[in-house]
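> Below is the structure I would like to discuss, written out as structure tokens.
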2 protein chains.
Amino acid sequence: MSHILIKNGYVITMDGPPIRDGVVLIEDNKITYVGKETQQAEQIIDANGCVVMPGLVNAHNHAGMTLFRGYADDLPLKEWLEEHIWPAEAKLTGEDVYCGTLLACLEMIRSGTTAFADMYFYMDQAARAVEESGLRASLSHGMIELFDEAKGDTDLKEGIRFAKQWNNAADGRITTMYGPHAPNTCSREFLAKVKEQAEADNIGMHIHVLETKAELLEMKEKYSMCSIHLLDGIGILGPGVLAAHCIWLSSGDIDILAERGVNIVHCPVSNMKLASGIAPIPELLSSGANVALGTDGCASNNSLDMFGEMKTAALLHKVNSLDPTALPAHQILKMTTVNGAKALKIPAGQLKPGMLADIIIVDMQKPHLLPNHDLESHLVYAARGSDVRTTIVDGKVLMEDGIIKSMDQEKVMEQAAFAAEKLIQRVKEQSN
Amino acid sequence: MSHILIKNGYVITMDGPPIRDGVVLIEDNKITYVGKETQQAEQIIDANGCVVMPGLVNAHNHAGMTLFRGYADDLPLKEWLEEHIWPAEAKLTGEDVYCGTLLACLEMIRSGTTAFADMYFYMDQAARAVEESGLRASLSHGMIELFDEAKGDTDLKEGIRFAKQWNNAADGRITTMYGPHAPNTCSREFLAKVKEQAEADNIGMHIHVLETKAELLEMKEKYSMCSIHLLDGIGILGPGVLAAHCIWLSSGDIDILAERGVNIVHCPVSNMKLASGIAPIPELLSSGANVALGTDGCASNNSLDMFGEMKTAALLHKVNSLDPTALPAHQILKMTTVNGAKALKIPAGQLKPGMLADIIIVDMQKPHLLPNHDLESHLVYAARGSDVRTTIVDGKVLMEDGIIKSMDQEKVMEQAAFAAEKLIQRVKEQSN
């Protein structure tokens with residue numbers, strides 16, 4: 001058995017009060033002890049001056065889109081999608097998705113994310129990248145039926161193949177979901193088919209819901225009801241669902257989402273950057289819904305740093321409600337650890353015996369993190385992904401003192417830069 | 001003469017198109033050449049893989065407040081101020097402000113800020129810290145008259161003494177302003193007195209304006225007009241004024257501020273965290289007003305990283321106007337360089353001959369800054385202060401490749417942590 005002992009840290013367990021000069025023992029891929037008493041281990045990690053905490057969960061991502069970081073910004077949504085993102089995505093290859101997802105994994109490991117939920121194309125290649133990187137992920141093949149039954153059948157077939165092939169792969173680090181794109185891009189019949197399949201296979205569902213006001217208006221026009229009522233009518237809504245965005249909700253919608261136990265993923269940076277709107281997160285939390293945080297893809301953020309996402313979430317809802325007590329630091333940390341792990345069905349998000357050893361160590365001895373009045377406040381309001389020193393997933397050290405152990409960082413960066421360059425060349429050749 | 005040549009960088013001049021593989025020559029404290037031709041110099045800095053750009057300007061700060069970072073967050077404004085910040089400030093010593101300001105300078109140098117505007121107490125100590133750090137600053141003694149004529153006289157006397165003693169100190173790196181706190185904390189008569197003094201001495205004025213809705217209501221109640229009309233009636237508003245926040249403006253107010261040439265400092269993170277409101281920045285910019293960016297003090301941010309401020313500014317106004325084209329990346333960079341320098345009356349903010357050599361070098365060869373489709377986008381949407389490699393102020397290298405040259409980083413950190421600890425002890429003793 002491989003034992004790792006992390007000692008001398010300020011341990012934020014998310015399962016009770018923090019432990020000063022605490023100890024965390026890892027055996028294989030699990031946490032077996034958290035407390036004050038020192039333990040024997042093969043490897044000792046000294047976390048003096050650092051916070052030791054559960055790894056961050058990025059609950060909505062399109063990791064392969066790192067290749068589009070900075071490719072098209074500050075544009076009207078329609079122009080951004082139709083003239084830039086979609087034409088570029090049409091030229092994507094599986095190798096591109098592999099390179100882009102590897103770059104995303106590298107960025108996530110460096111900034112303290114230990115698990116993420118992903119929906120994209122060429123998902124075998126994405127899964128290969130996740131497997132190599134050492135990260136944990138819930139992956140889904142994005143199915144955009146577009147009211148075309150034949151396309152829907154092909155998509156679902158591929159979705160099923162991928163989900164079954166990769167569920168519990170990479171020693172259980174990879175799990176899968178079905179990924180119907182959104183209620184306004186998939187027909188009611190298709191969504192019902194996916195729901196049946198998901199139920200039969202006991203597999204969850206990752207879906208975009210009410211990201212834009214346009215979706216709300218389309219749904220009302222088409223079905224005389226909003227997306228939430230449509231999904232609920234099909235019987236989709238339940239604890240197996242990961243619903244990204246959920247911006248344009250009525251108070252009745254909020255109650256339904258909470259009652260059904262749907263996991264909501266708030267993506268404040270993407271929602272702000274695309275001017276999609278502001279999700280009613282304080283109301284969702286008050287109603288008891290499980291709300292996690294996500295970055296969305298790199299084209300609409302343009303970062304996968306969950307520290308930035310945490311600060312933005314805390315700030316946005318304060319100003320939106322004109323209430324400075326909205327979404328306090330501890331609640332934000334809970335959304336990014338406990339709630340994220342629950343949404344992805346991972347026994348993690350807290351440091352306690354029996355949990356998976358997905359742990360990060362954050363260096364707090366930096367000029368911008370002093371003085372140490374309140375380290376939870378610092379994590380949300382002052383820290384950056386670059387303050388993460390060590391990232392452990394499934395009991396394996398993926399980054400130690402800033403050095404990536406699981407990948408060849410230079411090679412991943414070179415490959416991604418090269419793939420992006422070639423991709424843009426192909427897009428330009430097409431448009432000429 | 002001391003010559004520094006920066007070569008091989010991607011030079012964002014903010015005075016025309018970027019220069020790939022560009023060269024910047026510094027002689028003493030000024031830029032003497034920007035272009036493609038190599039030059040002779042004593043010191044060569046290789047900026048391969050980096051952006052070379054004007055240093056960032058933080059146009060509204062209370063630097064000494066770094067000691068309160070994380071001291072009180074997520075509280076109602078009144079409780080935050082009256083039960084936490086003010087009692088702690090009452091126990092502040094000059095030495096505390098020195099230590100806090102040094103820590104702030106260290107954080108700013110590390111994150112690419114080369115000049116800042118500050119308003120606080122014990123300003124001799126703040127100035128001493130700025131002088132030692134090598135940074136450039138516009139400093140003002142905060143004058144909170146509180147409708148007490150005697151207090152006003154004492155404050156103004158100290159404000160004048162400080163302003164005259166330190167104007168153009170530290171080889172011109174330190175300039176001064178008068179700092180009347182706000183229109184609702186200073187009487188009309190006091191503001192008029194400060195205005196006369198400022199005019200006589202040809203010294204600018206740093207003031208908070210309409211940060212809260214409460215100020216607007218108070219002013220209307222007391223004077224039957226808003227702060228802008230009151231200030232304009234006194235004749236204060238002009239290009240010498242640095243007006244922080246400016247949130248609760250009418251469209252008429254916006255026109256007045258633009259016509260008078262007032263410099264407005266937008267502090268989006270602080271305004272969001274304290275739930276103060278959202279300033280009409282797109283409207284101010286459209287009207288031709290000079291708008292810069294600032295972090296505000298560390299108690300309400302809790303970071304002095306202008307990269308975070310840039311991203312938040314870009315995001316906030318997109319979602320607030322539901323327009324994804326609002327405040328594009330280049331405009332944000334202009335606010336943080338050109339506009340900030342203009343607001344502080346510094347011949348800087350652009351890389352061109354004759355400008356002060358306030359320059360930063362940002363490492364773009366990092367996983368979260370790839371691929372390189374658009375480096376201006378990356379600076380605003382993906383970079384962090386920790387990506388700054390080298391910071392040059394007044395022709396002197398304050399940080400090179402991440403190593404602080406102008407200060408003893410460990411000592412500054414230790415001193416600040418110690419001062420904060422002692423300060424909180426004094427506050428606790430008082431309340432027991």
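As shown in the structure tokens, the chain order sets the letters A, B, ...; within each chain, residues go from 1, and ligands are also counted from 1 in the order they appear.
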Would you mind listing, as a PyMOL selection string, all residues of chain A that have at least one atom within 6 Å of chain B, where only C-alpha atoms are what counts?
chain A and resi 70-71+74-76+107+272-275+277+302-303+315+318-319+322-325+328+367-368+371+373-374+377+381-382+417
> From a backbone DSSP assignment, name each residue in region 15-150 of chain B labelled strand (DSSP E or B), as number ranges by chain.
B: 19-27, 30-35, 43-46, 50-54, 56-61, 113-120, 136-143
> Name the residues in contact with Ile44 (chain A) at a cut-off of 7 Å, using only C-alpha atoms, excluding same-chain residues fewer than 2 positions from it; report them as a CSV table (one decimal) with N, CA and C atoms, in the first residue's frame.

```csv
chain,number,residue,atom,x,y,z
A,4,ILE,N,0.7,8.3,1.9
A,4,ILE,CA,1.2,9.7,1.9
A,4,ILE,C,0.6,10.4,3.1
A,5,LEU,N,1.5,11.1,3.8
A,5,LEU,CA,1.1,11.9,4.9
A,5,LEU,C,1.3,13.4,4.6
A,6,ILE,N,0.3,14.1,4.7
A,6,ILE,CA,0.4,15.6,4.6
A,6,ILE,C,0.3,16.2,6.0
A,41,ALA,N,4.2,7.0,7.3
A,41,ALA,CA,3.9,7.0,5.9
A,41,ALA,C,5.2,6.9,5.1
A,42,GLU,N,5.0,6.4,3.8
A,42,GLU,CA,6.2,6.3,3.0
A,42,GLU,C,6.7,7.7,2.5
A,46,ASP,N,5.2,18.2,3.5
A,46,ASP,CA,5.2,19.2,4.6
A,46,ASP,C,4.3,20.4,4.0
```
> I'd like the contact shell of Ser406 (chain A) - 9 Å cut-off, only C-alpha atoms, skipping same-chain residues fewer than 4 positions apart - returned as a ChimeraX atom specification.
/A:132-134,396-399
> Can you write just those residues out, N, CA and C atoms, as a compact mmCIF listing (two decimals), in the first residue's frame?

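Output saved as selection_12.txt:
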```
# COMPACT_ATOMS: atom_id res chain seq x y z
N GLU A 132 -4.54 10.00 -19.24
CA GLU A 132 -3.10 10.28 -19.14
C GLU A 132 -2.78 11.33 -18.08
N SER A 133 -3.66 12.33 -17.96
CA SER A 133 -3.37 13.46 -17.07
C SER A 133 -3.43 13.08 -15.60
N GLY A 134 -4.23 12.06 -15.28
CA GLY A 134 -4.41 11.68 -13.87
C GLY A 134 -5.60 12.35 -13.21
N LYS A 396 -2.78 10.03 -6.02
CA LYS A 396 -1.53 10.21 -6.78
C LYS A 396 -1.19 11.70 -6.87
N VAL A 397 0.07 12.02 -6.67
CA VAL A 397 0.51 13.41 -6.72
C VAL A 397 0.72 13.82 -8.18
N LEU A 398 -0.18 14.66 -8.69
CA LEU A 398 -0.09 15.08 -10.11
C LEU A 398 0.80 16.31 -10.26
N MET A 399 0.83 17.14 -9.21
CA MET A 399 1.76 18.29 -9.20
C MET A 399 2.30 18.40 -7.78
```
> Applying 10 Å and only C-alpha atoms, which residues near Tyr33 (chain A) remain after dropping the ones on its own chain fewer than 4 positions away? List them as number ranges by chain.
A: 5, 23-27, 37-39, 351-355
> Which of these residues is nearest to His181 (chain A), using only C-alpha atoms: A:Ile85, A:Leu92, A:Ala289, A:His62?
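That would be A:His62, the residue with the smallest distance to His181 (chain A).
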> Which of these, B:Ile203, B:Ala357, B:Leu242, B:Cys186, has the shortest distance to Lys164 (chain B) once you count only C-alpha atoms?
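Closest to Lys164 (chain B) of all the choices is B:Ile203.
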> Which is closest to Asp408 (chain A) among A:Glu82, A:Lys7, A:Leu102, A:Lys222, if we use only C-alpha atoms?
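Using only C-alpha atoms, Asp408 (chain A) sits closest to A:Leu102.
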> Between B:Asp296, B:Glu131, B:Asp118, B:Asp401, single out the one closest to His206 (chain B), counting only C-alpha atoms.
B:Asp118
> Which residues are near Val393 (chain B)? Cut-off 10 Å, only C-alpha atoms, ignore same chain within fewer than 5 positions. Put them as a PyMOL selection string.
chain B and resi 29-30+54-55+109+113-115+134-136+173+356-360+398-399
> Run DSSP on the backbone and tell me which residues of region 320-429 of chain A come out as alpha helix (DSSP H); list them as a PyMOL selection string.
chain A and resi 320-321+329-334+340-343+375-381+409-429
> Using only C-alpha atoms, determine which residues lie at most 7 Å from Arg20 (chain A), disregarding the query and same-chain residues fewer than 4 positions distant; provide the list as a PyMOL selection string.
chain A and resi 9-11
